[in-house]
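First up is the structure itself, then whatever we jot down about it.
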There are 2 protein chains.
Amino acid sequence: MRGEFQIIADFFAPLAAGAPGAEGLRNDAAVFDAAPGHSVVVTVDAMVEGVHFLSDDPPGSVGRKLLRVNLSDLAAMGARPVGYLLAAAFSKRIDDPWIQAFVDGLAADQRDFGVHLFGGDTVSTPGPLTLSLTAFGDVPVGRALPRAGAKAGDLVYVSGTIGDGALGLKALRGDLENQSEADTAYLAGRYRLPTPRVALGQALSAQGLATAALDVSDGLVADLGHICETSGLAAEVEAAKVPLSTAAERVLGRDPGLRAAVLTGGDDYELLFTVSPDRAAEVADLAARLGLPLARIGTMQPGAGVRVVDDSGRPLDLPRAGWSHF
Amino acid sequence: MRGEFQIIADFFAPLAAGAPGAEGLRNDAAVFDAAPGHSVVVTVDAMVEGVHFLSDDPPGSVGRKLLRVNLSDLAAMGARPVGYLLAAAFSKRIDDPWIQAFVDGLAADQRDFGVHLFGGDTVSTPGPLTLSLTAFGDVPVGRALPRAGAKAGDLVYVSGTIGDGALGLKALRGDLENQSEADTAYLAGRYRLPTPRVALGQALSAQGLATAALDVSDGLVADLGHICETSGLAAEVEAAKVPLSTAAERVLGRDPGLRAAVLTGGDDYELLFTVSPDRAAEVADLAARLGLPLARIGTMQPGAGVRVVDDSGRPLDLPRAGWSHF
């Protein structure tokens with residue numbers, strides 16, 4: 001087995017090549033400069049094998065998902081991603097080919113999202129593979145997207161489509177029947193490789209459009225619940241307006257009982273945000289400019305809690321409020 | 001068992017109370033501002049139960065050590081610590097009293113070092129308790145302490161005393177014979193609660209004194225080897241000048257064979273730095289001002305590698321170059 005220094009030099013140093021402040025990972029700490037007049041935004045997420053990802057997930061997608069989950073947190077703040085630190089506790093089964101595939105996945109995402117590895121720590125563990133990734137970026141001072149600023153009457157929007165991640169996990173576990181291979185591949189791909197809405201977050205910040213925003217990681221209902229709590233409001237969501245992918249629509253067509261999984265399942269990494277109703281046209285313009293659907297799914301109201309209603313206005317009975325790994 | 005949100009609200013949110021940008025840990029990401037004209041410095045370290053700390057270590061010291069190890073990395077860059085993120089994978093045995101003691105330890109160090117918790121992630125693991133901590137701080141642009149700038153003829157200095165951490169671990173494992181209780185407690189304390197040399201790092205940066213610097217985590221010889229490699233030089237260290245605590249002196253008096261463990265054992269978290277010989281008086285002044293011994297232990301020379309010599313100039317035979325957990 002290579003030592004820690006050799007693993008860093010052989011596999012991870014190339015990921016730091018584009019970041020002068022990372023000094024080729026030879027230092028224990030890295031230096032970077034936020035753009036002038038910008039605050040720094042930091043976030044961390046951890047993943048444990050067997051809890052947050054499957055042991056037979058492709059190593060490349062494991063690293064990319066962890067990076068993307070963090071970039072999604074930056075997006076929810078309106079931040080521009082700059083770089084990341086990686087702490088990896090490698091179990092005995094992790095060999096050179098695994099690490100190489102893991103690193104190749106990160107390298108691909110570094111190119112796509114314009115970020116670099118700035119540093120990290122690699123240790124060994126007698127337990128399952130455990131990874132934690134800290135991402136950092138910057139945002140103009142005072143322009144970080146708020147979580148607590150929604151007002152009664154604000155419109156609730158969500159980007160992309162909801163439920164693919166939760167259904168993708170079910171598909172990977174073989175819990176979905178009569179699935180086409182193409183739909184399974186699509187949903188599994190959405191679970192393994194979510195798309196952080198980085199450009200959307202930055203645009204919402206630049207235009208000052210969102211009164212509250214976060215990314216949907218715990219589930220649409222639970223995350224909207226967070227906005228309600230911090231803003232001291234209720235929210236009503238029209239179930240029929242929650243945007244679904246074609247693959248997810250086909251799953252719900254066969255098994256309408258899975259709607260709850262879609263609404264509460266989590267792992268979407270879409271942005272959920274509230275907007276004053278007089279600025280709805282700007283949201284439509286932004287969607288067109290980014291080529292990203294932004295669906296109006298409900299409204300903020302006085303009160304507390306999240307209510308999801310069907311076409312006739314009757315509240316849906318949702319068995320659980322959100323996704324918790326703990 | 002409490003859920004993740006409840007654990008954060010009950011135990012960790014109080015640690016974020018002094019950091020407005022942490023927003024009470026209700027956001028997935030946190031915001032902070034480096035001082036004007038300052039770069040941001042980031043570092044991460046991970047610890048696994050049974051690998052980096054002992055299962056029966058007091059929970060308070062586990063958290064504090066992880067924080068201090070990271071603050072030591074910031075000190076080695078000359079940075080002012082600002083805050084940290086914590087990713088914790090809790091095993092089943094971790095209960096409320098454990099978390100409370102862990103948090104109490106962090107709270108004590110937050111007061112001592114002027115830092116705050118800005119965010120984190122808590123997950124569950126079927127394996128051993130695994131923690132990773134990302135610390136961040138700032139340093140005036142261009143003033144981060146270099147690792148690669150040593151010149152031939154530069155003097156090699158180290159702060160505090162060397163070897164206490166390695167001997168402390170041996171003492172805790174019962175590997176030291178005829179120890180007094182007081183010496184065991186002192187050495188164990190140095191192992192469990194190293195003192196990051198934050199003020200020293202900032203002073204070296206402010207005065208532009210160090211041509212290269214790092215903190216001694218892998219062992220004095222291995223870490224000086226890092227300076228040699230990156231500076232393209234050799235180093236000669238006089239073993240008799242390596243500063244020892246009274247407790248360590250007594251251990252070596254009984255068992256001189258432990259000198260190698262002192263020189264290569266690691267876990268010291270003292271600063272090791274090189275200084276141009278014409279500035280030696282400034283180092284002495286700085287030591288007096290900080291009330292921290294700064295010992296001149298050797299010189300940088302043309303060539304490669306680290307040589308440790310005894311009183312008569314004969315090289316010591318050191319069995320291993322450094323400490324590796326991997």
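Residue numbering restarts at 1 in every chain; chains get A, B, ... in the order shown in the structure tokens, and ligands count up from 1 in that same order.
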With chain B as the partner and 8 Å as the cut-off, tabulate the residues of chain A that qualify, each row holding the nearest pair of atoms and their distance in Å to one decimal, using only C-alpha atoms, sorted by chain and rising number, as a tab-separated table.
residue	atom	partner	partner_atom	distance
A:Gly3	CA	B:Phe326	CA	5.8
A:Glu4	CA	B:Phe326	CA	5.7
A:Asn27	CA	B:Arg147	CA	7.2
A:Asp28	CA	B:Asp73	CA	5.9
A:Ala29	CA	B:Thr43	CA	4.4
A:Ala30	CA	B:Val42	CA	5.4
A:Val31	CA	B:Val41	CA	4.5
A:Phe32	CA	B:Val40	CA	5.3
A:Asp33	CA	B:Ser39	CA	4.8
A:Ala34	CA	B:Ser39	CA	7.3
A:His38	CA	B:Asp33	CA	7.6
A:Ser39	CA	B:Asp33	CA	4.8
A:Val40	CA	B:Phe32	CA	5.3
A:Val41	CA	B:Val31	CA	4.5
A:Val42	CA	B:Ala30	CA	5.4
A:Thr43	CA	B:Ala29	CA	4.4
A:Val44	CA	B:Gly120	CA	5.7
A:Asp45	CA	B:Asp121	CA	5.5
A:Ala46	CA	B:Ala87	CA	6.1
A:Met47	CA	B:Val123	CA	7.7
A:Val48	CA	B:Thr125	CA	6.4
A:Val51	CA	B:Thr125	CA	7.1
A:Asp73	CA	B:Asp28	CA	5.9
A:Leu74	CA	B:Ala29	CA	6.7
A:Met77	CA	B:Ala29	CA	7.2
A:Leu85	CA	B:Val44	CA	6.9
A:Leu86	CA	B:Val44	CA	7.6
A:Ala87	CA	B:Ala46	CA	6.2
A:Ala88	CA	B:Ala46	CA	7.7
A:Ala89	CA	B:Ala46	CA	7.6
A:Gly119	CA	B:Thr43	CA	6.8
A:Gly120	CA	B:Val44	CA	5.7
A:Asp121	CA	B:Asp45	CA	5.5
A:Thr122	CA	B:Ala46	CA	7.6
A:Val123	CA	B:Phe326	CA	5.6
A:Ser124	CA	B:Phe326	CA	5.4
A:Thr125	CA	B:Val48	CA	6.4
A:Pro126	CA	B:Pro128	CA	7.5
A:Gly127	CA	B:Gly127	CA	4.4
A:Pro128	CA	B:Gly127	CA	5.9
A:Thr130	CA	B:Thr130	CA	7.7
A:Ser132	CA	B:Ala87	CA	6.8
A:Thr134	CA	B:Thr134	CA	7.2
A:Ala144	CA	B:Val31	CA	7.9
A:Arg147	CA	B:Asn27	CA	7.2
A:Ser324	CA	B:Glu4	CA	7.3
A:His325	CA	B:Val123	CA	6.7
A:Phe326	CA	B:Ser124	CA	5.4
So which residues touch Val62 of chain A within 10 Å, counting only C-alpha atoms, skipping near sequence neighbours fewer than 2 positions away, as a PyMOL selection string? chain A and resi 47+49+52-60+64-68+101-103+105-106+131+192-193
Counting only C-alpha atoms, figure out which residue out of B:Lys241, B:Arg93, B:Arg250, B:Arg143 gets nearest to Leu167 of chain B.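 Among B:Lys241, B:Arg93, B:Arg250, B:Arg143, it is B:Arg250 that comes nearest to Leu167 of chain B.
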So which one's closest to Gly160 of chain B, B:Gln100, B:Thr246, B:Asn178, B:Ser205? Using only C-alpha atoms, please.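 Counting only C-alpha atoms, the residue closest to Gly160 of chain B is B:Thr246.
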As a PyMOL selection string, list the residues of segment 58-235 of chain A assigned to helix (DSSP H, G or I) by DSSP on the backbone atoms of this structure. chain A and resi 59-75+96-113+164-172+181-192+198-207+220-231
What lies within 10 Å of segment 232-235 of chain B using only C-alpha atoms, ignoring chain neighbours under 4 positions off, as a list in words? Ala148, Gly149, Ala150, Lys151, Ala152, Gly153, Asp154, Leu155, Val156, Val221, Leu224, Gly225, His226, Ile227, Cys228, Gly298, Thr299, Met300, Gln301, Pro302, Gly303, Ala304, Gly305, Val306, Arg307 and Val308 of chain B
Atoms to include: C-alpha atoms. Write the selected residues as a PDB file, in the first residue's frame.
ATOM      1  CA  ALA B 148       9.762  26.352   0.150  1.00  0.00           C
ATOM      2  CA  GLY B 149      11.870  29.446   0.776  1.00  0.00           C
ATOM      3  CA  ALA B 150      14.736  28.208   2.991  1.00  0.00           C
ATOM      4  CA  LYS B 151      18.272  29.181   1.897  1.00  0.00           C
ATOM      5  CA  ALA B 152      21.565  27.426   2.621  1.00  0.00           C
ATOM      6  CA  GLY B 153      22.918  28.868   5.848  1.00  0.00           C
ATOM      7  CA  ASP B 154      19.484  29.599   7.310  1.00  0.00           C
ATOM      8  CA  LEU B 155      19.045  28.669  10.947  1.00  0.00           C
ATOM      9  CA  VAL B 156      16.466  26.036  11.890  1.00  0.00           C
ATOM     10  CA  VAL B 221      12.805  14.774  11.129  1.00  0.00           C
ATOM     11  CA  LEU B 224      12.165  19.154   8.382  1.00  0.00           C
ATOM     12  CA  GLY B 225      12.542  16.764   5.457  1.00  0.00           C
ATOM     13  CA  HIS B 226       9.521  18.417   3.837  1.00  0.00           C
ATOM     14  CA  ILE B 227      11.226  21.823   4.126  1.00  0.00           C
ATOM     15  CA  CYS B 228      14.398  20.329   2.657  1.00  0.00           C
ATOM     16  CA  GLY B 298      20.405  23.327  13.298  1.00  0.00           C
ATOM     17  CA  THR B 299      21.143  24.822   9.913  1.00  0.00           C
ATOM     18  CA  MET B 300      20.077  24.455   6.303  1.00  0.00           C
ATOM     19  CA  GLN B 301      22.846  23.267   3.991  1.00  0.00           C
ATOM     20  CA  PRO B 302      23.394  22.445   0.336  1.00  0.00           C
ATOM     21  CA  GLY B 303      22.416  18.876  -0.491  1.00  0.00           C
ATOM     22  CA  ALA B 304      19.389  16.790   0.391  1.00  0.00           C
ATOM     23  CA  GLY B 305      17.927  15.056   3.423  1.00  0.00           C
ATOM     24  CA  VAL B 306      18.008  15.569   7.181  1.00  0.00           C
ATOM     25  CA  ARG B 307      21.000  14.578   9.280  1.00  0.00           C
ATOM     26  CA  VAL B 308      20.756  14.525  13.070  1.00  0.00           C
TER      27      VAL B 308
END
Within segment 83-212 of chain A, find each residue whose DSSP state, derived from the backbone, is strand (DSSP E or B), and express the selection as a ChimeraX atom specification. /A:83-90,116-124,130-140,155-159,210-212
One number please: atom CA of Leu244 of chain A to atom CA of Thr161 of chain A, in Å, one decimal.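 According to the coordinates, atom CA of Leu244 of chain A and atom CA of Thr161 of chain A are separated by 4.8 Å.
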Excluding Gly257 of chain B and its own-chain neighbours fewer than 3 positions away, which residues fall within 12 Å of it when counting only C-alpha atoms? Please give them as a count of residues only. 13
